[in-house]
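Student: Below you'll find final17.pdb; it's PDB, C-alpha atoms.
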```pdb
MODEL        1
ATOM      1  CA  MET A   1      65.329  87.838  88.888
ATOM      2  CA  GLN A   2      69.043  87.265  89.595
ATOM      3  CA  PRO A   3      71.850  89.263  87.911
ATOM      4  CA  VAL A   4      73.666  87.505  85.095
ATOM      5  CA  ARG A   5      76.331  85.200  86.540
ATOM      6  CA  ILE A   6      79.513  85.145  84.508
ATOM      7  CA  GLY A   7      80.264  81.712  85.962
ATOM      8  CA  LEU A   8      77.455  80.331  83.810
ATOM      9  CA  ILE A   9      79.037  81.885  80.733
ATOM     10  CA  LEU A  10      82.332  80.198  81.454
ATOM     11  CA  GLY A  11      80.689  76.768  81.756
ATOM     12  CA  ILE A  12      82.709  73.624  82.172
ATOM     13  CA  ALA A  13      86.102  75.358  81.967
ATOM     14  CA  ALA A  14      85.277  77.363  85.090
ATOM     15  CA  ALA A  15      84.157  74.277  86.986
ATOM     16  CA  ILE A  16      87.357  72.455  86.139
ATOM     17  CA  ALA A  17      89.480  75.474  87.061
ATOM     18  CA  ALA A  18      87.705  75.828  90.406
ATOM     19  CA  CYS A  19      88.915  72.369  91.339
ATOM     20  CA  SER A  20      92.512  73.153  90.390
ATOM     21  CA  GLY A  21      94.895  75.305  92.333
ATOM     22  CA  GLN A  22      95.258  72.905  95.227
ATOM     23  CA  LYS A  23      97.880  70.198  95.776
ATOM     24  CA  GLY A  24      99.165  68.688  92.563
ATOM     25  CA  ASN A  25      98.833  71.888  90.527
ATOM     26  CA  GLU A  26     102.447  72.350  89.540
ATOM     27  CA  ALA A  27     104.109  75.054  87.487
ATOM     28  CA  GLY A  28     105.294  74.175  84.032
ATOM     29  CA  THR A  29     107.344  77.235  83.121
ATOM     30  CA  ASN A  30     110.894  77.437  81.837
ATOM     31  CA  ALA A  31     113.328  79.711  83.625
ATOM     32  CA  ALA A  32     115.844  82.159  82.164
ATOM     33  CA  ALA A  33     114.599  82.239  78.574
ATOM     34  CA  PRO A  34     115.390  85.477  76.730
ATOM     35  CA  ALA A  35     112.413  87.834  76.591
ATOM     36  CA  THR A  36     110.617  88.350  73.300
ATOM     37  CA  LYS A  37     107.327  90.037  72.479
ATOM     38  CA  GLY A  38     105.486  86.685  72.561
ATOM     39  CA  ASP A  39     106.944  85.760  75.977
ATOM     40  CA  ALA A  40     104.415  87.946  77.816
ATOM     41  CA  GLN A  41     101.584  85.605  76.836
ATOM     42  CA  ARG A  42     103.675  82.488  77.547
ATOM     43  CA  ARG A  43     104.350  83.572  81.135
ATOM     44  CA  THR A  44     101.970  82.470  83.828
ATOM     45  CA  ILE A  45     100.105  84.931  86.007
ATOM     46  CA  GLY A  46     102.409  84.095  88.929
ATOM     47  CA  ASP A  47     105.566  84.632  86.892
ATOM     48  CA  ALA A  48     104.317  87.906  85.426
ATOM     49  CA  LEU A  49     103.366  89.282  88.867
ATOM     50  CA  ALA A  50     106.780  88.416  90.269
ATOM     51  CA  ALA A  51     108.406  90.391  87.443
ATOM     52  CA  THR A  52     106.450  93.617  88.077
ATOM     53  CA  GLY A  53     107.370  96.132  90.742
ATOM     54  CA  ASP A  54     103.828  97.433  91.194
ATOM     55  CA  HIS A  55     102.513  94.180  92.663
ATOM     56  CA  SER A  56     105.276  93.280  95.142
ATOM     57  CA  GLU A  57     102.893  93.495  98.127
ATOM     58  CA  LEU A  58     100.483  91.104  96.397
ATOM     59  CA  VAL A  59     103.322  88.717  95.550
ATOM     60  CA  ALA A  60     104.484  88.729  99.192
ATOM     61  CA  ALA A  61     100.933  87.995 100.360
ATOM     62  CA  LEU A  62     100.485  85.205  97.786
ATOM     63  CA  ASN A  63     103.759  83.630  98.921
ATOM     64  CA  ALA A  64     102.760  83.864 102.608
ATOM     65  CA  ALA A  65      99.394  82.258 101.806
ATOM     66  CA  GLY A  66     100.906  79.487  99.689
ATOM     67  CA  LEU A  67      98.937  80.624  96.616
ATOM     68  CA  ALA A  68     101.829  81.752  94.395
ATOM     69  CA  GLU A  69     102.166  78.268  92.891
ATOM     70  CA  THR A  70      98.440  78.181  92.153
ATOM     71  CA  LEU A  71      98.892  81.190  89.865
ATOM     72  CA  ARG A  72     101.816  79.458  88.168
ATOM     73  CA  GLY A  73      99.632  76.396  87.524
ATOM     74  CA  ALA A  74      97.547  75.424  84.536
ATOM     75  CA  GLY A  75      94.474  77.506  85.314
ATOM     76  CA  PRO A  76      92.821  79.209  83.649
ATOM     77  CA  TYR A  77      92.355  81.983  86.212
ATOM     78  CA  THR A  78      91.321  85.594  86.274
ATOM     79  CA  LEU A  79      93.155  87.622  88.902
ATOM     80  CA  PHE A  80      92.053  91.018  90.170
ATOM     81  CA  ALA A  81      95.493  92.224  91.259
ATOM     82  CA  PRO A  82      95.640  95.051  93.824
ATOM     83  CA  THR A  83      98.553  97.414  93.243
ATOM     84  CA  ASN A  84     101.034  98.342  95.958
ATOM     85  CA  ALA A  85      99.101 101.615  96.390
ATOM     86  CA  ALA A  86      95.931  99.584  97.017
ATOM     87  CA  PHE A  87      97.681  97.593  99.745
ATOM     88  CA  ALA A  88      99.082 100.810 101.237
ATOM     89  CA  ALA A  89      95.485 102.026 101.714
ATOM     90  CA  VAL A  90      94.835  99.091 104.090
ATOM     91  CA  PRO A  91      95.873 100.077 107.630
ATOM     92  CA  GLU A  92      99.397  98.883 108.371
ATOM     93  CA  ASP A  93      98.401  97.012 111.552
ATOM     94  CA  ALA A  94      95.712  95.077 109.626
ATOM     95  CA  ARG A  95      98.220  94.160 106.881
ATOM     96  CA  GLY A  96     100.772  93.036 109.456
ATOM     97  CA  GLU A  97      98.192  90.946 111.302
ATOM     98  CA  LEU A  98      97.115  89.153 108.116
ATOM     99  CA  MET A  99     100.716  88.267 107.274
ATOM    100  CA  GLN A 100     101.233  86.440 110.595
ATOM    101  CA  PRO A 101     101.289  82.627 110.292
ATOM    102  CA  ALA A 102      98.458  82.326 112.826
ATOM    103  CA  ASN A 103      96.170  84.227 110.416
ATOM    104  CA  ARG A 104      97.061  82.293 107.267
ATOM    105  CA  GLU A 105      93.473  81.061 106.732
ATOM    106  CA  ARG A 106      92.156  84.638 106.771
ATOM    107  CA  LEU A 107      94.859  85.693 104.303
ATOM    108  CA  VAL A 108      94.041  82.757 101.993
ATOM    109  CA  ARG A 109      90.331  83.669 102.065
ATOM    110  CA  LEU A 110      91.088  87.308 101.250
ATOM    111  CA  LEU A 111      93.396  86.446  98.354
ATOM    112  CA  ARG A 112      91.114  83.747  96.906
ATOM    113  CA  LEU A 113      88.443  86.460  96.726
ATOM    114  CA  HIS A 114      90.648  88.095  94.055
ATOM    115  CA  ILE A 115      90.866  84.906  91.936
ATOM    116  CA  VAL A 116      88.115  83.761  89.587
ATOM    117  CA  PRO A 117      88.126  80.384  87.834
ATOM    118  CA  GLY A 118      88.300  80.718  84.073
ATOM    119  CA  THR A 119      89.355  83.577  81.847
ATOM    120  CA  VAL A 120      87.175  86.681  82.143
ATOM    121  CA  THR A 121      88.174  89.609  79.949
ATOM    122  CA  VAL A 122      87.014  93.203  80.222
ATOM    123  CA  GLN A 123      84.856  92.537  77.151
ATOM    124  CA  ASP A 124      83.237  89.551  78.933
ATOM    125  CA  MET A 125      82.524  91.677  82.012
ATOM    126  CA  ARG A 126      81.006  94.510  80.001
ATOM    127  CA  ALA A 127      78.758  92.104  78.098
ATOM    128  CA  ALA A 128      77.569  90.440  81.326
ATOM    129  CA  ILE A 129      76.882  93.813  82.964
ATOM    130  CA  ASP A 130      74.916  94.932  79.909
ATOM    131  CA  ARG A 131      72.802  91.748  80.054
ATOM    132  CA  GLY A 132      72.350  91.868  83.818
ATOM    133  CA  GLU A 133      69.384  93.247  85.689
ATOM    134  CA  GLY A 134      69.994  96.829  86.735
ATOM    135  CA  GLY A 135      73.322  96.950  84.895
ATOM    136  CA  ARG A 136      74.967  94.489  87.274
ATOM    137  CA  ALA A 137      76.537  91.055  87.058
ATOM    138  CA  GLU A 138      78.005  88.608  89.549
ATOM    139  CA  LEU A 139      81.278  86.744  89.433
ATOM    140  CA  ALA A 140      82.008  83.638  91.543
ATOM    141  CA  THR A 141      85.490  83.485  93.106
ATOM    142  CA  LEU A 142      87.742  80.732  94.425
ATOM    143  CA  SER A 143      86.761  81.782  97.959
ATOM    144  CA  ASP A 144      83.165  80.675  97.241
ATOM    145  CA  GLU A 145      82.085  84.303  97.534
ATOM    146  CA  THR A 146      80.617  86.514  94.851
ATOM    147  CA  LEU A 147      81.878  89.786  93.439
ATOM    148  CA  THR A 148      79.416  92.245  91.912
ATOM    149  CA  LEU A 149      80.290  93.999  88.663
ATOM    150  CA  ALA A 150      78.899  97.344  87.540
ATOM    151  CA  ARG A 151      79.895 100.203  85.276
ATOM    152  CA  ASP A 152      80.847 103.772  86.049
ATOM    153  CA  GLY A 153      80.994 105.258  82.566
ATOM    154  CA  ASP A 154      83.582 103.177  80.733
ATOM    155  CA  ALA A 155      85.150 101.923  83.978
ATOM    156  CA  ILE A 156      84.262  98.606  85.598
ATOM    157  CA  LEU A 157      83.649  98.592  89.342
ATOM    158  CA  ILE A 158      83.957  95.454  91.460
ATOM    159  CA  GLY A 159      81.958  95.213  94.673
ATOM    160  CA  ASP A 160      83.047  92.894  97.481
ATOM    161  CA  GLY A 161      81.208  91.187 100.339
ATOM    162  CA  ALA A 162      82.210  93.881 102.827
ATOM    163  CA  GLY A 163      80.584  96.672 100.807
ATOM    164  CA  GLY A 164      83.860  97.965  99.328
ATOM    165  CA  ARG A 165      84.548  98.775  95.705
ATOM    166  CA  ALA A 166      87.579  98.491  93.456
ATOM    167  CA  ARG A 167      88.027  99.944  89.989
ATOM    168  CA  ILE A 168      89.806  98.053  87.242
ATOM    169  CA  SER A 169      92.785 100.141  86.246
ATOM    170  CA  GLY A 170      95.214  99.802  83.380
ATOM    171  CA  SER A 171      95.076  97.241  80.606
ATOM    172  CA  GLU A 172      94.366  93.556  81.078
ATOM    173  CA  GLY A 173      97.352  91.246  80.936
ATOM    174  CA  VAL A 174      96.683  88.051  79.013
ATOM    175  CA  ARG A 175      98.938  85.269  80.283
ATOM    176  CA  ALA A 176      99.496  81.603  79.495
ATOM    177  CA  ASN A 177      97.110  80.529  82.250
ATOM    178  CA  GLY A 178      94.558  83.338  82.297
ATOM    179  CA  VAL A 179      94.247  87.075  82.605
ATOM    180  CA  VAL A 180      95.246  89.762  85.116
ATOM    181  CA  HIS A 181      93.304  92.953  85.811
ATOM    182  CA  GLY A 182      94.948  95.586  87.994
ATOM    183  CA  VAL A 183      92.597  97.012  90.642
ATOM    184  CA  ASP A 184      92.908 100.105  92.803
ATOM    185  CA  ALA A 185      91.673  98.555  96.067
ATOM    186  CA  VAL A 186      92.020  95.352  98.047
ATOM    187  CA  LEU A 187      88.762  93.406  97.957
ATOM    188  CA  MET A 188      87.496  92.264 101.350
ATOM    189  CA  PRO A 189      85.453  89.181 102.189
ATOM    190  CA  ALA A 190      82.071  89.389 103.872
ATOM    191  CA  ALA A 191      82.156  89.393 107.663
ATOM    192  CA  SER A 192      82.434  85.842 108.919
ATOM    193  CA  ASP A 193      80.065  84.437 111.490
ATOM    194  CA  ALA A 194      82.886  82.225 112.716
ATOM    195  CA  GLY A 195      84.845  85.328 113.831
TER     196      GLY A 195
ENDMDL
END
```
Would you write the structure of this file as structure tokens?

Tutor:
Amino acid sequence: MQPVRIGLILGIAAAIAACSGQKGNEAGTNAAAPATKGDAQRRTIGDALAATGDHSELVAALNAAGLAETLRGAGPYTLFAPTNAAFAAVPEDARGELMQPANRERLVRLLRLHIVPGTVTVQDMRAAIDRGEGGRAELATLSDETLTLARDGDAILIGDGAGGRARISGSEGVRANGVVHGVDAVLMPAASDAG
């Protein structure tokens, strides 16, 4: 029996969102509006990330990969956003190599692994894990790879294709085009046969 797949829960909205994020997905945000309490939910994921200091490495990588505009688009998306500390844990030579233009496809694949079509809240993840076989659930990403969800007490752990794990940290940020979950590690894709 397969673990519960959150993608099935999200239904048609997830399928539509999976097709977005490519050419033609343009931002529709207004610039320079005064901040109010309700503005946080009117900002897109891309705009909110750009405004935080703790995700500057992620923002730089998204810009280099050409994915920043995707996260300013209509969505909805769920982003597992590695903090600057998470990026600092990746060896500096590996980070530098990924940021080179010749390795753009590898960078895009890595970053799309952090993006899920549809809006998946912590409550959604907990419910799927509770329903899943062995206390696990799977989550399909924009990279066409699957993340595995499990619990460690109250915390949610995310397993990647390379055998690594990230922990959701902090509170979820609900945005105009989805939700952001901070994570304490950079998720890595499965080893590619193409090399």

Student: Suppose a student applies the PyMOL selection byres ((chain A and resi 95) around 12) to this structure; what residues should they get, written as a ChimeraX atom specification?

Tutor: /A:57-58,60-61,86-94,96-100,103-104,106-107,110,186

Student: Hey, what's within 12 Å of Thr52 in chain A if we count all atoms listed in the file and toss same-chain stuff fewer than 3 positions away? As a PDB file with C-alpha atoms, keeping the file's coordinate frame, please?

Tutor:
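Contents of the output file selection05.pdb:
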```pdb
ATOM      1  CA  ALA A  40     104.415  87.946  77.816  1.00  0.00           C
ATOM      2  CA  ILE A  45     100.105  84.931  86.007  1.00  0.00           C
ATOM      3  CA  GLY A  46     102.409  84.095  88.929  1.00  0.00           C
ATOM      4  CA  ASP A  47     105.566  84.632  86.892  1.00  0.00           C
ATOM      5  CA  ALA A  48     104.317  87.906  85.426  1.00  0.00           C
ATOM      6  CA  LEU A  49     103.366  89.282  88.867  1.00  0.00           C
ATOM      7  CA  HIS A  55     102.513  94.180  92.663  1.00  0.00           C
ATOM      8  CA  SER A  56     105.276  93.280  95.142  1.00  0.00           C
ATOM      9  CA  GLU A  57     102.893  93.495  98.127  1.00  0.00           C
ATOM     10  CA  LEU A  58     100.483  91.104  96.397  1.00  0.00           C
ATOM     11  CA  VAL A  59     103.322  88.717  95.550  1.00  0.00           C
ATOM     12  CA  ALA A  81      95.493  92.224  91.259  1.00  0.00           C
ATOM     13  CA  THR A  83      98.553  97.414  93.243  1.00  0.00           C
ATOM     14  CA  ASN A  84     101.034  98.342  95.958  1.00  0.00           C
ATOM     15  CA  GLY A 173      97.352  91.246  80.936  1.00  0.00           C
ATOM     16  CA  GLY A 182      94.948  95.586  87.994  1.00  0.00           C
TER      17      GLY A 182
END
```

Student: From the set A:Val116, A:Ala150, A:Leu142, A:Val122, which residue has the shortest atom-to-atom contact distance to Leu79 in chain A, counting all atoms listed in the file?

Tutor: A:Val116

Student: I need the output of the PyMOL selection byres ((chain A and resi 72) around 7) for this file as a PyMOL selection string; which residues are they?

Tutor: chain A and resi 27+44-47+68-71+73-74

Student: Work out how far apart CA of Arg112 in chain A and CA of Gly75 in chain A are and give it in Å to one decimal.

Tutor: 13.6 Å

Student: Using all atoms listed in the file, which protein or nucleic acid residues come within 10 Å of Pro189 in chain A? Drop anything in the same chain fewer than 5 positions from it, and give the result as a list in words.

Tutor: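 Using all atoms listed in the file, the neighbours found are Arg106, Arg109, Leu110, Leu111, Arg112, Leu113, His114, Ser143, Glu145, Thr146, Leu147, Asp160, Gly161, Ala162, Gly163 and Gly164 of chain A.
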
Student: Rank nothing, just name the residue among A:Ala185, A:Val174, A:Ala191, A:Leu62 nearest to Thr121 in chain A, using all atoms listed in the file.

Tutor: A:Val174

Student: Which one is closest to Asn63 in chain A: A:Arg136, A:Val108, A:Ile129, A:Tyr77? Count only C-alpha atoms.

Tutor: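 Nearest candidate to Asn63 in chain A out of A:Arg136, A:Val108, A:Ile129, A:Tyr77: A:Val108.
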
Student: Using all atoms listed in the file, find all polymer residues with an atom at most 12 Å away from the point (79.1, 103.9, 85.3); report them as a PyMOL selection string.

Tutor: chain A and resi 126+129-130+134-136+149-158+167

Student: Since the input is missing atoms for range 86-110 of chain A, could you rebuild it with N, CA and C atoms and give the result as an mmCIF file, keeping the file's coordinate frame?

Tutor:
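See out_31.cif below for the written result:
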```cif
data_model
loop_
_atom_site.group_PDB
_atom_site.id
_atom_site.type_symbol
_atom_site.label_atom_id
_atom_site.label_comp_id
_atom_site.auth_asym_id
_atom_site.auth_seq_id
_atom_site.Cartn_x
_atom_site.Cartn_y
_atom_site.Cartn_z
ATOM 1 N N ALA A 86 97.160 100.134 96.438
ATOM 2 C CA ALA A 86 95.931 99.584 97.017
ATOM 3 C C ALA A 86 96.218 98.944 98.371
ATOM 4 N N PHE A 87 97.317 98.195 98.460
ATOM 5 C CA PHE A 87 97.681 97.593 99.745
ATOM 6 C C PHE A 87 98.056 98.663 100.767
ATOM 7 N N ALA A 88 98.691 99.736 100.316
ATOM 8 C CA ALA A 88 99.082 100.810 101.237
ATOM 9 C C ALA A 88 97.861 101.489 101.855
ATOM 10 N N ALA A 89 96.713 101.423 101.187
ATOM 11 C CA ALA A 89 95.485 102.026 101.714
ATOM 12 C C ALA A 89 94.876 101.206 102.852
ATOM 13 N N VAL A 90 95.292 99.938 102.981
ATOM 14 C CA VAL A 90 94.835 99.091 104.090
ATOM 15 C C VAL A 90 95.687 99.462 105.303
ATOM 16 N N PRO A 91 95.077 99.697 106.457
ATOM 17 C CA PRO A 91 95.873 100.077 107.630
ATOM 18 C C PRO A 91 97.029 99.111 107.878
ATOM 19 N N GLU A 92 98.181 99.668 108.210
ATOM 20 C CA GLU A 92 99.397 98.883 108.371
ATOM 21 C C GLU A 92 99.255 97.774 109.413
ATOM 22 N N ASP A 93 98.565 98.048 110.525
ATOM 23 C CA ASP A 93 98.401 97.012 111.552
ATOM 24 C C ASP A 93 97.559 95.847 111.023
ATOM 25 N N ALA A 94 96.547 96.141 110.205
ATOM 26 C CA ALA A 94 95.712 95.077 109.626
ATOM 27 C C ALA A 94 96.529 94.239 108.638
ATOM 28 N N ARG A 95 97.362 94.899 107.822
ATOM 29 C CA ARG A 95 98.220 94.160 106.881
ATOM 30 C C ARG A 95 99.192 93.266 107.639
ATOM 31 N N GLY A 96 99.814 93.808 108.667
ATOM 32 C CA GLY A 96 100.772 93.036 109.456
ATOM 33 C C GLY A 96 100.123 91.844 110.130
ATOM 34 N N GLU A 97 98.919 92.032 110.639
ATOM 35 C CA GLU A 97 98.192 90.946 111.302
ATOM 36 C C GLU A 97 97.882 89.820 110.328
ATOM 37 N N LEU A 98 97.437 90.177 109.120
ATOM 38 C CA LEU A 98 97.115 89.153 108.116
ATOM 39 C C LEU A 98 98.334 88.338 107.692
ATOM 40 N N MET A 99 99.508 88.945 107.738
ATOM 41 C CA MET A 99 100.716 88.267 107.274
ATOM 42 C C MET A 99 101.298 87.335 108.341
ATOM 43 N N GLN A 100 100.742 87.329 109.546
ATOM 44 C CA GLN A 100 101.233 86.440 110.595
ATOM 45 C C GLN A 100 100.777 85.006 110.308
ATOM 46 N N PRO A 101 101.649 84.027 110.570
ATOM 47 C CA PRO A 101 101.289 82.627 110.292
ATOM 48 C C PRO A 101 99.986 82.180 110.961
ATOM 49 N N ALA A 102 99.688 82.714 112.127
ATOM 50 C CA ALA A 102 98.458 82.326 112.826
ATOM 51 C C ALA A 102 97.201 82.746 112.071
ATOM 52 N N ASN A 103 97.321 83.716 111.165
ATOM 53 C CA ASN A 103 96.170 84.227 110.416
ATOM 54 C C ASN A 103 96.192 83.810 108.951
ATOM 55 N N ARG A 104 96.915 82.736 108.658
ATOM 56 C CA ARG A 104 97.061 82.293 107.267
ATOM 57 C C ARG A 104 95.706 82.000 106.608
ATOM 58 N N GLU A 105 94.781 81.376 107.323
ATOM 59 C CA GLU A 105 93.473 81.061 106.732
ATOM 60 C C GLU A 105 92.725 82.322 106.315
ATOM 61 N N ARG A 106 92.797 83.363 107.121
ATOM 62 C CA ARG A 106 92.156 84.638 106.771
ATOM 63 C C ARG A 106 92.802 85.247 105.531
ATOM 64 N N LEU A 107 94.140 85.164 105.459
ATOM 65 C CA LEU A 107 94.859 85.693 104.303
ATOM 66 C C LEU A 107 94.484 84.916 103.041
ATOM 67 N N VAL A 108 94.418 83.596 103.144
ATOM 68 C CA VAL A 108 94.041 82.757 101.993
ATOM 69 C C VAL A 108 92.647 83.144 101.514
ATOM 70 N N ARG A 109 91.704 83.300 102.441
ATOM 71 C CA ARG A 109 90.331 83.669 102.065
ATOM 72 C C ARG A 109 90.307 85.014 101.345
ATOM 73 N N LEU A 110 91.045 85.985 101.875
ATOM 74 C CA LEU A 110 91.088 87.308 101.250
ATOM 75 C C LEU A 110 91.671 87.229 99.837
#
```
